[in-house]
There are 6 protein chains.
Amino acid sequence: MRLNKNTETFIGCDGDYGKAEIVLFGAPFDGTTSYRPGARFGGKVIRGESCGLETYSPQSDRDLTEINVFDMGELELPFGNTERALDEIYAVQRKITADGKIPVMLGGEHLVTLPAVRAAVEKHPDLAVIHFDAHADLRDDYLGEKLSHACVMRRCHELLGDDRLYSFGIRSGTREEFAWAKEHIFSERFKLPLDGISAAAKRLKNTPVYFTIDLDVLDPSVFPATGTPESGGVSYNEFHAALALVCSEFNVVGADLVEYSPPYDLNGVCAAVAGKILRELLLSLKP
Amino acid sequence: MRLNKNTETFIGCDGDYGKAEIVLFGAPFDGTTSYRPGARFGGKVIRGESCGLETYSPQSDRDLTEINVFDMGELELPFGNTERALDEIYAVQRKITADGKIPVMLGGEHLVTLPAVRAAVEKHPDLAVIHFDAHADLRDDYLGEKLSHACVMRRCHELLGDDRLYSFGIRSGTREEFAWAKEHIFSERFKLPLDGISAAAKRLKNTPVYFTIDLDVLDPSVFPATGTPESGGVSYNEFHAALALVCSEFNVVGADLVEYSPPYDLNGVCAAVAGKILRELLLSLKP
Amino acid sequence: MRLNKNTETFIGCDGDYGKAEIVLFGAPFDGTTSYRPGARFGGKVIRGESCGLETYSPQSDRDLTEINVFDMGELELPFGNTERALDEIYAVQRKITADGKIPVMLGGEHLVTLPAVRAAVEKHPDLAVIHFDAHADLRDDYLGEKLSHACVMRRCHELLGDDRLYSFGIRSGTREEFAWAKEHIFSERFKLPLDGISAAAKRLKNTPVYFTIDLDVLDPSVFPATGTPESGGVSYNEFHAALALVCSEFNVVGADLVEYSPPYDLNGVCAAVAGKILRELLLSLKP
Amino acid sequence: MRLNKNTETFIGCDGDYGKAEIVLFGAPFDGTTSYRPGARFGGKVIRGESCGLETYSPQSDRDLTEINVFDMGELELPFGNTERALDEIYAVQRKITADGKIPVMLGGEHLVTLPAVRAAVEKHPDLAVIHFDAHADLRDDYLGEKLSHACVMRRCHELLGDDRLYSFGIRSGTREEFAWAKEHIFSERFKLPLDGISAAAKRLKNTPVYFTIDLDVLDPSVFPATGTPESGGVSYNEFHAALALVCSEFNVVGADLVEYSPPYDLNGVCAAVAGKILRELLLSLKP
Amino acid sequence: MRLNKNTETFIGCDGDYGKAEIVLFGAPFDGTTSYRPGARFGGKVIRGESCGLETYSPQSDRDLTEINVFDMGELELPFGNTERALDEIYAVQRKITADGKIPVMLGGEHLVTLPAVRAAVEKHPDLAVIHFDAHADLRDDYLGEKLSHACVMRRCHELLGDDRLYSFGIRSGTREEFAWAKEHIFSERFKLPLDGISAAAKRLKNTPVYFTIDLDVLDPSVFPATGTPESGGVSYNEFHAALALVCSEFNVVGADLVEYSPPYDLNGVCAAVAGKILRELLLSLKP
Amino acid sequence: MRLNKNTETFIGCDGDYGKAEIVLFGAPFDGTTSYRPGARFGGKVIRGESCGLETYSPQSDRDLTEINVFDMGELELPFGNTERALDEIYAVQRKITADGKIPVMLGGEHLVTLPAVRAAVEKHPDLAVIHFDAHADLRDDYLGEKLSHACVMRRCHELLGDDRLYSFGIRSGTREEFAWAKEHIFSERFKLPLDGISAAAKRLKNTPVYFTIDLDVLDPSVFPATGTPESGGVSYNEFHAALALVCSEFNVVGADLVEYSPPYDLNGVCAAVAGKILRELLLSLKP
């Protein structure tokens with residue numbers, strides 16, 4: 001695996017790999033993005049702008065300097081070869097998982113979640129996935145391609161089986177995707193309902209969970225810098241409450257934050273929003 | 001009438017004029033804009049960026065491919081001659097209306113609504129107008145001009161008479177405009193109240209309605225790219241509920257979407273928001 | 001004091017100094033900004049873009065042309081000398097206060113509030129401060145500096161003593177700042193609660209109050225163009241209600257609006273938001 | 001005539017009308033712009049950003065504080081009524097000319113030159129026009145309109161007759177325009193040749209000259225913020241030499257600077273370029 | 001082959017395929033871009049903004065309405081599968097070539113040139129390539145990938161053999177690339193020398209030539225919106241002269257214009273520059 | 001000295017301090033900037049975007065991987081205290097100089113050059129300064145402040161004495177500055193003349209030289225992202241030739257690159273230009 005350590009470290013995450021309970025890394029891949037590319041720069045910019053953040057969260061009353069996170073930097077992924085890129089992500093995920101640490105991955109586009117789920121389900125065969133997103137991502141193929149951001153949850157379902165995928169916030173897709181969802185996954189449309197999350201937690205209790213967050217679940221007024229902005233999403237405060245609930249109710253064994261596309265973040269606000277979400281996510285995990 | 005067909009077609013709107021029940025066209029006019037111009041490019045950009053949208057709406061469970069919309073393209077309007085531009089818009093509106101189809105017009109600035117209402121009221125003498133906007137647009141003249149975006153609803157009132165104009169969301173105007181409104185029109189300030197819309201529907205029942213949407217009724221956080229952004233507007237979800245209610249409760253015989261100004265849409269999010277609103281509007285009309 | 005009168009006047013504020021009950025001026029200082037500078041241009045741009053606003057407010061049913069506000073323009077402050085800049089602001093504040101008028105200051109960064117509070121507390125020894133902000137600004141020093149935007153409320157506390165500073169909306173700071181706040185000031189986290197403001201008003205009744213508004217108290221979706229955007233803030237409508245309540249419940253003897261940074265306001269929306277807030281503030285004060 | 005004096009004054013131009021030899025004013029009109037509007041804000045922004053300039057020019061070794069320029073501010077022109085707007089510009093031009101002063105006008109779009117030339121030719125029947133531009137602007141009509149930026153030089157020719165219009169830098173137009181030009185005007189294509197200007201000066205010697213500068217004569221790399229950027233233009237230094245030559249060789253009795261469109265000047269560089277050009281123009285005129 | 005005809009047609013290129021001597025199409029692929037993606041939108045935006053151009057070129061005294069160009073629109077290429085995308089481009093190139101027409105392709109990134117050269121060399125085994133670029137693009141592989149924009153000219157060389165590739169303007173690459181170039185290709189560094197082009201024409205006389213233009217050969221001041229801007233390039237006028245010379249001296253049987261990346265073209269100037277270059281290219285080819 | 005090592009390293013500069021002959025570091029200070037701030041982010045962004053550059057320079061035929069440069073990262077400077085910030089820069093400069101290495105500093109604004117020259121002149125009492133800039137920077141004070149970017153060369157002159165400061169490219173200043181320059185320094189206006197540089201080299205031969213480059217010496221078309229853009233500057237190629245000449249003709253013992261302001265670099269091109277200039281500077285020094 002090729003690592004690009006020449007990146008700034010996310011604020012307060014300069015721990016040691018050996019002692020770290022959480023390992024952060026970036027997967028700068030956006031090769032199947034169909035509309036607006038640029039998510040490849042997401043992890044780099046979130047790190048670089050994290051100097052504008054505090055390490056302390058008044059909401060959770062925790063501080064990044066009090067936990068142990070190691071920031072590996074960004075992977076060096078090939079351009080133009082989807083399979084090789086996914087293989088390299090898989091290798092890192094498997095290594096971190098094998099070492100008993102929680103991987104937290106910064107995308108990149110949503111397809112990077114597939115190798116992460118693959119590694120997680122190998123370690124935890126009863127894995128479930130909690131999925132925050134505006135888009136269903138349940139197509140069987142997209143313009144003939146099976147490996148596409150638009151198909152990533154369909155591919156994850158093939159690894160998980162029915163009733164293991166819980167999607168929240170979905171407000172875009174084809175008629176076929178919504179029909180398919182009704183039969184195979186749990187899908188809560190349009191919002192991140194706290195009671196829906198609690199209900200899921202009761203059903204899944206103690207099950208290991210992979211938590212994937214497509215930032216476009218937020219309303220574009222809050223988070224415009226994504227590949228495919230989709231109106232009707234949640235506010236930051238609704239998002240924050242749902243994130244905190246997922247982390248407290250579930251046994252999260254891996255997580256990611258995807259689809260932040262810096263070229264569309266002209267005033268830099270999304271870097272600040274995504275950085276704060278990453279801080280809150282790291283502080284809320286319970287290794 | 002000069003038509004510029006050399007534009008991209010709005011997604012899923014490649015129907016045939018003969019069979020179409022709804023006809024979409026653009027009126028690229030912003031000649032009386034007093035603050036920030038650019039709305040002339042609104043229709044062109046909404047079409048061009050519609051490739052980022054799905055044709056299916058999970059909210060209404062309908063799909064643009066299942067209805068019959070014909071996208072005529074953009075009119076070719078003269079620059080610098082307000083009267084001629086309005087005449088050309090009027091001619092198209094009258095033709096579509098005469099052919100028994102519902103015209104849906106993409107602005108341009110708000111003054112383009114005047115010839116649309118003129119054509120509609122000729123066909124439907126009992127016409128009422130539902131008006132979503134941040135600004136009253138009720139001045140008698142603006143710097144001496146009677147034909148101005150700031151006067152458009154006052155001009156419409158001259159065609160309609162008292163109690164036929166229902167304005168929602170208004171939060172800006174002069175003291176005189178608000179005083180005049182109290183006597184002549186129904187005006188709901190600051191919001192798009194669902195019960196207010198229902199009440200209006202009861203009073204107007206079965207009356208044909210023209211539905212004009214100035215996109216600045218949305219809060220600038222949701223829709224910054226307008227000529228005169230005005231804080232205190234509604235969220236996308238509030239807007240969507242009100243739009244759906246208007247389309248289901250009223251007999252809408254014509255509609256428009258105005259005041260999207262692409263030069264101020266630097267990250268392209270408003271193109272996505274406006275495109276989704278157009279899709280929802282088209283799917284909600286009942287030809 | 002050096003004044004730069006070569007600026008546009010805020011709409012409707014072309015009163016005469018002698019008759020004016022409110023005096024508006026700008027303090028174009030951002031010398032201690034630690035993250036994104038540019039607030040020096042805040043007052044200039046708010047004035048320049050105020051031509052897009054109406055003088056009338058339908059919410060308060062008042063009009064700027066009906067009250068008496070004098071806009072002095074912008075101070076000419078030295079660059080690179082914090083103490084001298086604060087001294088010049090202090091001199092103007094003291095003069096306006098001595099003349100029995102209410103000073104309303106446009107920042108600039110938040111440190112400009114310190115000389116304003118100094119002048120106000122000299123005139124009104126029982127002064128309290130109402131503080132809207134996302135950040136606590138309660139550090140004792142920042143990288144060794146006592147005069148820093150990050151310390152401004154700590155410095156104000158030194159002038160006021162315990163229980164005279166009421167902070168609302170705070171959602172960022174160090175663990176130490178929050179611990180210190182618990183002992184020395186009233187701090188309402190995360191929101192601008194109307195009942196909290198009313199409760200404060202009861203405790204402080206008739207006390208003269210200085211009202212400082214850091215615009216980053218708004219959510220970045222509403223107001224992105226600040227030095228340190230911080231998610232989780234209030235909407236415009238929540239903000240407006242709180243501002244109106246402060247002005248009606250308290251005896252406001254001075255006020256400011258700080259931290260609007262035009263270089264990050266690429267579509268100009270924050271100029272419109274800040275301008276409207278300034279109009280509402282001016283119309284709500286009771287000289 | 002309605003004047004908006006609520007603008008910043010161009011640096012060093014705070015003279016008195018009575019004593020002034022040069023009078024600067026703005027004509028914020030862009031009503032016939034066919035492609036990208038926004039030139040209405042040109043004069044306002046050039047003034048506002050002039051604080052970044054020095055009053056002294058090392059090239060001409062003159063200083064704005066040593067000459068007498070009065071900056072009237074911007075006209076208040078009606079929106080949407082081309083004829084009335086041109087009439088108001090004409091009235092101001094005639095007044096300044098009648099008072100024996102040199103008018104220097106900031107556009108706005110190029111059509112504002114027409115009333116300026118009208119006023120100048122009334123005073124000086126043997127007037128010639130020196131025209132720097134990328135576009136011929138010689139159409140007889142544009143989409144049926146005679147009053148259009150694309151026709152402005154054709155309209156001026158009607159006032160001047162053959163051999164009185166000298167166009168330099170032209171690199172865009174229709175085949176018909178170029179054919180017409182060959183018969184009726186002097187047109188130097190693609191560049192601002194110093195010897196061509198000198199040759200013209202010999203032919204026109206002592207003739208009063210109106211000097212109109214469409215800023216798109218500069219290459220878009222130098223000046224991107226115009227309505228219709230056109231590659232292949234001159235560099236700033238070539239432009240400067242030509243401007244200085246025109247001012248020294250001709251008897252310039254009026255001048256303008258048009259087609260700066262601030263909405264496309266995202267990094268503000270064109271404000272600085274246009275401001276410097278205005279300074280150099282003012283310093284080079286010989287009242 | 002899947003074609004997306006739902007695009008605007010380049011100005012004056014609405015010919016008929018049967019009669020057309022030149023066929024224009026877009027290859028919206030940027031899957032191997034290593035730095036800043038977005039070239040996928042190049043062709044679409046060049047077409048969409050071509051309404052700001054004239055069809056007539058005063059430089060060549062020709063008009064697009066007088067020649068016969070058919071604009072096919074944009075290919076629909078799969079995302080994330082480089083080989084399939086190249087195959088689809090190859091199929092179109094072969095078809096157009098087989099029909100005896102000159103293909104002119106709008107990128108996309110530079111790798112799209114490979115299938116174009118493949119099709120051209122099959123038809124014309126003695127093909128040479130004229131290559132305008134800032135970058136050598138001669139790596140043998142890039143992060144292990146053979147199919148990369150950074151290797152495209154190396155891959156073309158494999159099809160052509162030594163002494164058939166003529167590169168001009170090159171100013172970036174590795175030490176290895178420059179060493180390799182010295183042995184296998186003709187490479188003129190840093191500029192587009194007219195005499196160098198003429199010399200090449202003499203050596204290649206009557207040979208069919210494929211002409212590939214990476215727009216980053218222009219200096220970033222002229223053309224900033226590319227994936228990898230590289231200082232030290234040529235001006236527009238130098239470029240234009242070289243383009244005209246290539247088209248007049250060589251027998252050009254195919255051409256492309258690549259690496260315009262609209263997300264970095266915030267003021268839209270590069271759309272105008274690229275559109276003008278395309279017009280000049282089309283007018284200069286001699287079918 | 002506080003160092004912020006949490007930055008990306010400039011490409012190819014990951015040498016070891018002990019072995020390094022050149023030491024690179026950033027001085028993120030812009031506290032006296034009078035117009036547009038933001039230069040504090042210059043060094044950070046140049047490093048971050050250097051991944052888009054090659055380490056090899058075809059112009060000098062050298063490669064960064066073949067020399068020994070150590071990138072220390074950015075200093076942590078206090079905000080709002082000019083003297084302390086300059087003291088910290090001085091300490092670093094003195095340390096690097098004492099260790100026999102060449103310091104290369106990334107600004108920040110131009111005032112950071114003062115402590116660098118102070119350290120250099122202590123080590124080399126016969127030091128001369130070569131100064132590339134658009135602005136004279138020779139005021140005695142600016143709004144009463146002696147320590148200002150607008151005075152930096154006047155302050156350096158106090159350390160150096162007459163005839164030790166050689167300024168090139170100057171095209172802006174007050175009449176007084178130019179008069180003063182005539183008596184005390186060598187100043188070549190408007191350009192970077194190769195023969196002027198050679199002449200200076202002859203006069204100064206073997207003298208140690210500090211080389212300070214204000215990037216606004218480049219024309220704003222080439223480098224818009226500076227605090228005070230000034231038309232009439234040099235092209236990249238002219239700049240490159242002059243830089244190479246200075247490095248080959250003089251004994252450069254220290255250098256800096258100042259006044260790149262990222263907030264005004266919306267398309268990122270200036271990051272690429274400044275990065276290439278830094279590479280060329282590093283490769284051209286002769287330790």
# chains A, B, ... in the order shown; residues from 1 in each chain; ligands from 1
call {"tool": "residues_around", "arguments": {"residues": "Ala27 (chain D)", "least_positions_apart": "4", "cutoff": "9 Å", "atoms": "only C-alpha atoms", "output": "PyMOL selection string"}}
result
chain D and resi 40+42-43+74-77+85+89+105-109+112
call {"tool": "select_by_dssp", "arguments": {"residues": "region 22-221 of chain C", "states": "strand (DSSP E or B)", "output": "PyMOL selection string"}}
result
chain C and resi 22-27+56-57+62-63+69-75+81+102-107+128-132+135+142+145+165-170+172+186-189+208-214+218
call {"tool": "closest_residue", "arguments": {"among": "A:Cys51, A:Ala98, A:Val104, A:Leu278", "to": "Arg36 (chain C)", "atoms": "only C-alpha atoms"}}
result
A:Cys51
call {"tool": "residues_around", "arguments": {"residues": "region 212-214 of chain A", "least_positions_apart": "3", "cutoff": "8 Å", "atoms": "only C-alpha atoms", "output": "PDB file with all heavy atoms, in the first residue's frame"}}
result
ATOM      1  N   HIS A 110     -18.581   7.858  -2.920  1.00  0.00           N
ATOM      2  CA  HIS A 110     -19.193   6.849  -2.079  1.00  0.00           C
ATOM      3  C   HIS A 110     -18.752   5.418  -2.393  1.00  0.00           C
ATOM      4  O   HIS A 110     -18.842   4.531  -1.537  1.00  0.00           O
ATOM      5  CB  HIS A 110     -20.720   6.962  -2.136  1.00  0.00           C
ATOM      6  CG  HIS A 110     -21.367   6.579  -0.844  1.00  0.00           C
ATOM      7  ND1 HIS A 110     -22.623   6.943  -0.481  1.00  0.00           N
ATOM      8  CD2 HIS A 110     -20.897   5.846   0.194  1.00  0.00           C
ATOM      9  CE1 HIS A 110     -22.910   6.453   0.707  1.00  0.00           C
ATOM     10  NE2 HIS A 110     -21.882   5.788   1.139  1.00  0.00           N
ATOM     11  N   THR A 113     -16.801   3.102   0.010  1.00  0.00           N
ATOM     12  CA  THR A 113     -17.408   2.364   1.124  1.00  0.00           C
ATOM     13  C   THR A 113     -17.429   0.858   0.861  1.00  0.00           C
ATOM     14  O   THR A 113     -17.407   0.048   1.798  1.00  0.00           O
ATOM     15  CB  THR A 113     -18.838   2.887   1.360  1.00  0.00           C
ATOM     16  OG1 THR A 113     -18.747   4.279   1.697  1.00  0.00           O
ATOM     17  CG2 THR A 113     -19.547   2.163   2.483  1.00  0.00           C
ATOM     18  N   VAL A 129     -25.166  -2.241   8.327  1.00  0.00           N
ATOM     19  CA  VAL A 129     -24.671  -0.945   7.863  1.00  0.00           C
ATOM     20  C   VAL A 129     -25.728   0.123   8.128  1.00  0.00           C
ATOM     21  O   VAL A 129     -26.898  -0.049   7.776  1.00  0.00           O
ATOM     22  CB  VAL A 129     -24.319  -0.998   6.357  1.00  0.00           C
ATOM     23  CG1 VAL A 129     -24.028   0.405   5.829  1.00  0.00           C
ATOM     24  CG2 VAL A 129     -23.107  -1.896   6.125  1.00  0.00           C
ATOM     25  N   ILE A 130     -25.307   1.189   8.781  1.00  0.00           N
ATOM     26  CA  ILE A 130     -26.151   2.370   8.916  1.00  0.00           C
ATOM     27  C   ILE A 130     -25.694   3.367   7.862  1.00  0.00           C
ATOM     28  O   ILE A 130     -24.498   3.688   7.792  1.00  0.00           O
ATOM     29  CB  ILE A 130     -26.021   3.006  10.322  1.00  0.00           C
ATOM     30  CG1 ILE A 130     -26.351   1.993  11.409  1.00  0.00           C
ATOM     31  CG2 ILE A 130     -26.894   4.261  10.429  1.00  0.00           C
ATOM     32  CD1 ILE A 130     -27.785   1.566  11.463  1.00  0.00           C
ATOM     33  N   HIS A 131     -26.620   3.855   7.086  1.00  0.00           N
ATOM     34  CA  HIS A 131     -26.308   4.608   5.870  1.00  0.00           C
ATOM     35  C   HIS A 131     -27.086   5.919   5.864  1.00  0.00           C
ATOM     36  O   HIS A 131     -28.298   5.927   5.800  1.00  0.00           O
ATOM     37  CB  HIS A 131     -26.709   3.701   4.693  1.00  0.00           C
ATOM     38  CG  HIS A 131     -26.704   4.345   3.337  1.00  0.00           C
ATOM     39  ND1 HIS A 131     -27.690   4.100   2.398  1.00  0.00           N
ATOM     40  CD2 HIS A 131     -25.838   5.195   2.748  1.00  0.00           C
ATOM     41  CE1 HIS A 131     -27.422   4.777   1.298  1.00  0.00           C
ATOM     42  NE2 HIS A 131     -26.319   5.444   1.475  1.00  0.00           N
ATOM     43  N   PHE A 132     -26.360   7.030   5.971  1.00  0.00           N
ATOM     44  CA  PHE A 132     -26.981   8.358   5.854  1.00  0.00           C
ATOM     45  C   PHE A 132     -26.695   8.873   4.448  1.00  0.00           C
ATOM     46  O   PHE A 132     -25.523   8.950   4.041  1.00  0.00           O
ATOM     47  CB  PHE A 132     -26.364   9.344   6.851  1.00  0.00           C
ATOM     48  CG  PHE A 132     -26.775   9.192   8.283  1.00  0.00           C
ATOM     49  CD1 PHE A 132     -27.542   8.130   8.732  1.00  0.00           C
ATOM     50  CD2 PHE A 132     -26.378  10.158   9.229  1.00  0.00           C
ATOM     51  CE1 PHE A 132     -27.909   8.009  10.081  1.00  0.00           C
ATOM     52  CE2 PHE A 132     -26.739  10.056  10.565  1.00  0.00           C
ATOM     53  CZ  PHE A 132     -27.505   8.979  10.992  1.00  0.00           C
ATOM     54  N   ASP A 133     -27.710   9.286   3.707  1.00  0.00           N
ATOM     55  CA  ASP A 133     -27.487   9.658   2.306  1.00  0.00           C
ATOM     56  C   ASP A 133     -28.730  10.350   1.770  1.00  0.00           C
ATOM     57  O   ASP A 133     -29.836  10.169   2.283  1.00  0.00           O
ATOM     58  CB  ASP A 133     -27.225   8.373   1.482  1.00  0.00           C
ATOM     59  CG  ASP A 133     -26.447   8.620   0.191  1.00  0.00           C
ATOM     60  OD1 ASP A 133     -26.480   9.747  -0.357  1.00  0.00           O
ATOM     61  OD2 ASP A 133     -25.795   7.675  -0.278  1.00  0.00           O
ATOM     62  N   ALA A 134     -28.558  11.133   0.725  1.00  0.00           N
ATOM     63  CA  ALA A 134     -29.710  11.664  -0.020  1.00  0.00           C
ATOM     64  C   ALA A 134     -30.152  10.708  -1.116  1.00  0.00           C
ATOM     65  O   ALA A 134     -31.299  10.740  -1.539  1.00  0.00           O
ATOM     66  CB  ALA A 134     -29.356  13.012  -0.649  1.00  0.00           C
ATOM     67  N   VAL A 217     -26.491  14.013   2.568  1.00  0.00           N
ATOM     68  CA  VAL A 217     -27.701  13.842   3.383  1.00  0.00           C
ATOM     69  C   VAL A 217     -28.114  15.178   4.001  1.00  0.00           C
ATOM     70  O   VAL A 217     -29.294  15.421   4.256  1.00  0.00           O
ATOM     71  CB  VAL A 217     -27.478  12.761   4.459  1.00  0.00           C
ATOM     72  CG1 VAL A 217     -26.601  13.265   5.586  1.00  0.00           C
ATOM     73  CG2 VAL A 217     -28.819  12.261   5.004  1.00  0.00           C
ATOM     74  N   ALA A 255     -16.269   3.431  10.106  1.00  0.00           N
ATOM     75  CA  ALA A 255     -17.112   4.542   9.660  1.00  0.00           C
ATOM     76  C   ALA A 255     -16.430   5.282   8.520  1.00  0.00           C
ATOM     77  O   ALA A 255     -15.217   5.163   8.315  1.00  0.00           O
ATOM     78  CB  ALA A 255     -17.383   5.512  10.811  1.00  0.00           C
ATOM     79  N   ASP A 256     -17.225   6.038   7.762  1.00  0.00           N
ATOM     80  CA  ASP A 256     -16.644   6.901   6.754  1.00  0.00           C
ATOM     81  C   ASP A 256     -17.499   8.152   6.565  1.00  0.00           C
ATOM     82  O   ASP A 256     -18.654   8.212   6.984  1.00  0.00           O
ATOM     83  CB  ASP A 256     -16.450   6.177   5.416  1.00  0.00           C
ATOM     84  CG  ASP A 256     -17.735   5.683   4.788  1.00  0.00           C
ATOM     85  OD1 ASP A 256     -18.710   6.460   4.668  1.00  0.00           O
ATOM     86  OD2 ASP A 256     -17.772   4.495   4.385  1.00  0.00           O
ATOM     87  N   LEU A 257     -16.864   9.126   5.927  1.00  0.00           N
ATOM     88  CA  LEU A 257     -17.447  10.426   5.624  1.00  0.00           C
ATOM     89  C   LEU A 257     -17.092  10.693   4.170  1.00  0.00           C
ATOM     90  O   LEU A 257     -15.916  10.880   3.854  1.00  0.00           O
ATOM     91  CB  LEU A 257     -16.749  11.461   6.511  1.00  0.00           C
ATOM     92  CG  LEU A 257     -17.474  12.659   7.078  1.00  0.00           C
ATOM     93  CD1 LEU A 257     -18.676  12.236   7.897  1.00  0.00           C
ATOM     94  CD2 LEU A 257     -16.528  13.447   7.980  1.00  0.00           C
ATOM     95  N   VAL A 258     -18.078  10.719   3.274  1.00  0.00           N
ATOM     96  CA  VAL A 258     -17.745  10.779   1.849  1.00  0.00           C
ATOM     97  C   VAL A 258     -18.477  11.896   1.117  1.00  0.00           C
ATOM     98  O   VAL A 258     -19.429  12.472   1.618  1.00  0.00           O
ATOM     99  CB  VAL A 258     -18.054   9.425   1.147  1.00  0.00           C
ATOM    100  CG1 VAL A 258     -17.249   8.298   1.781  1.00  0.00           C
ATOM    101  CG2 VAL A 258     -19.542   9.109   1.163  1.00  0.00           C
ATOM    102  N   GLU A 259     -17.984  12.171  -0.080  1.00  0.00           N
ATOM    103  CA  GLU A 259     -18.649  13.051  -1.060  1.00  0.00           C
ATOM    104  C   GLU A 259     -18.521  14.548  -0.768  1.00  0.00           C
ATOM    105  O   GLU A 259     -19.333  15.346  -1.241  1.00  0.00           O
ATOM    106  CB  GLU A 259     -20.127  12.673  -1.259  1.00  0.00           C
ATOM    107  CG  GLU A 259     -20.339  11.289  -1.849  1.00  0.00           C
ATOM    108  CD  GLU A 259     -20.013  11.182  -3.351  1.00  0.00           C
ATOM    109  OE1 GLU A 259     -19.632  12.191  -3.969  1.00  0.00           O
ATOM    110  OE2 GLU A 259     -20.113  10.066  -3.888  1.00  0.00           O
TER     111      GLU A 259
END
call {"tool": "interface_residues", "arguments": {"of": "chain F", "to": "chain D", "cutoff": "8 Å", "atoms": "only C-alpha atoms", "output": "VMD selection string"}}
result
chain F and resid 35 171 to 175 178 220 to 222 224 to 225 228 to 232 264 to 266
call {"tool": "atom_distance", "arguments": {"atom1": "CA of Gly73 (chain D)", "atom2": "CA of Leu218 (chain D)"}}
result
25.7 Å
call {"tool": "residues_around", "arguments": {"residues": "Asp163 (chain B)", "least_positions_apart": "2", "cutoff": "12 Å", "atoms": "only C-alpha atoms", "output": "PyMOL selection string"}}
result
chain B and resi 126-130+156-161+165-167+181-187+200+203-204
call {"tool": "atom_distance", "arguments": {"atom1": "CA of Ala119 (chain B)", "atom2": "CA of Gly254 (chain B)"}}
result
9.7 Å
call {"tool": "atom_distance", "arguments": {"atom1": "CA of Val209 (chain B)", "atom2": "CA of Asp16 (chain B)"}}
result
25.1 Å
call {"tool": "decode", "arguments": {"residues": "region 192-209 of chain E", "atoms": "C-alpha atoms", "output": "mmCIF file, in the first residue's frame"}}
result
data_model
loop_
_atom_site.group_PDB
_atom_site.id
_atom_site.type_symbol
_atom_site.label_atom_id
_atom_site.label_comp_id
_atom_site.auth_asym_id
_atom_site.auth_seq_id
_atom_site.Cartn_x
_atom_site.Cartn_y
_atom_site.Cartn_z
ATOM 1 C CA LEU E 192 5.153 27.279 -30.640
ATOM 2 C CA PRO E 193 7.815 28.465 -33.088
ATOM 3 C CA LEU E 194 6.453 29.279 -36.498
ATOM 4 C CA ASP E 195 9.681 28.310 -38.206
ATOM 5 C CA GLY E 196 9.806 25.027 -36.312
ATOM 6 C CA ILE E 197 6.331 24.228 -37.541
ATOM 7 C CA SER E 198 7.258 25.140 -41.093
ATOM 8 C CA ALA E 199 10.364 22.957 -40.892
ATOM 9 C CA ALA E 200 8.264 20.049 -39.707
ATOM 10 C CA ALA E 201 5.833 20.680 -42.556
ATOM 11 C CA LYS E 202 8.632 20.445 -45.045
ATOM 12 C CA ARG E 203 9.791 17.124 -43.650
ATOM 13 C CA LEU E 204 6.300 15.690 -43.483
ATOM 14 C CA LYS E 205 4.951 17.176 -46.659
ATOM 15 C CA ASN E 206 1.672 15.649 -47.811
ATOM 16 C CA THR E 207 1.707 13.258 -44.907
ATOM 17 C CA PRO E 208 -1.659 13.079 -43.175
ATOM 18 C CA VAL E 209 -1.501 14.715 -39.758
#
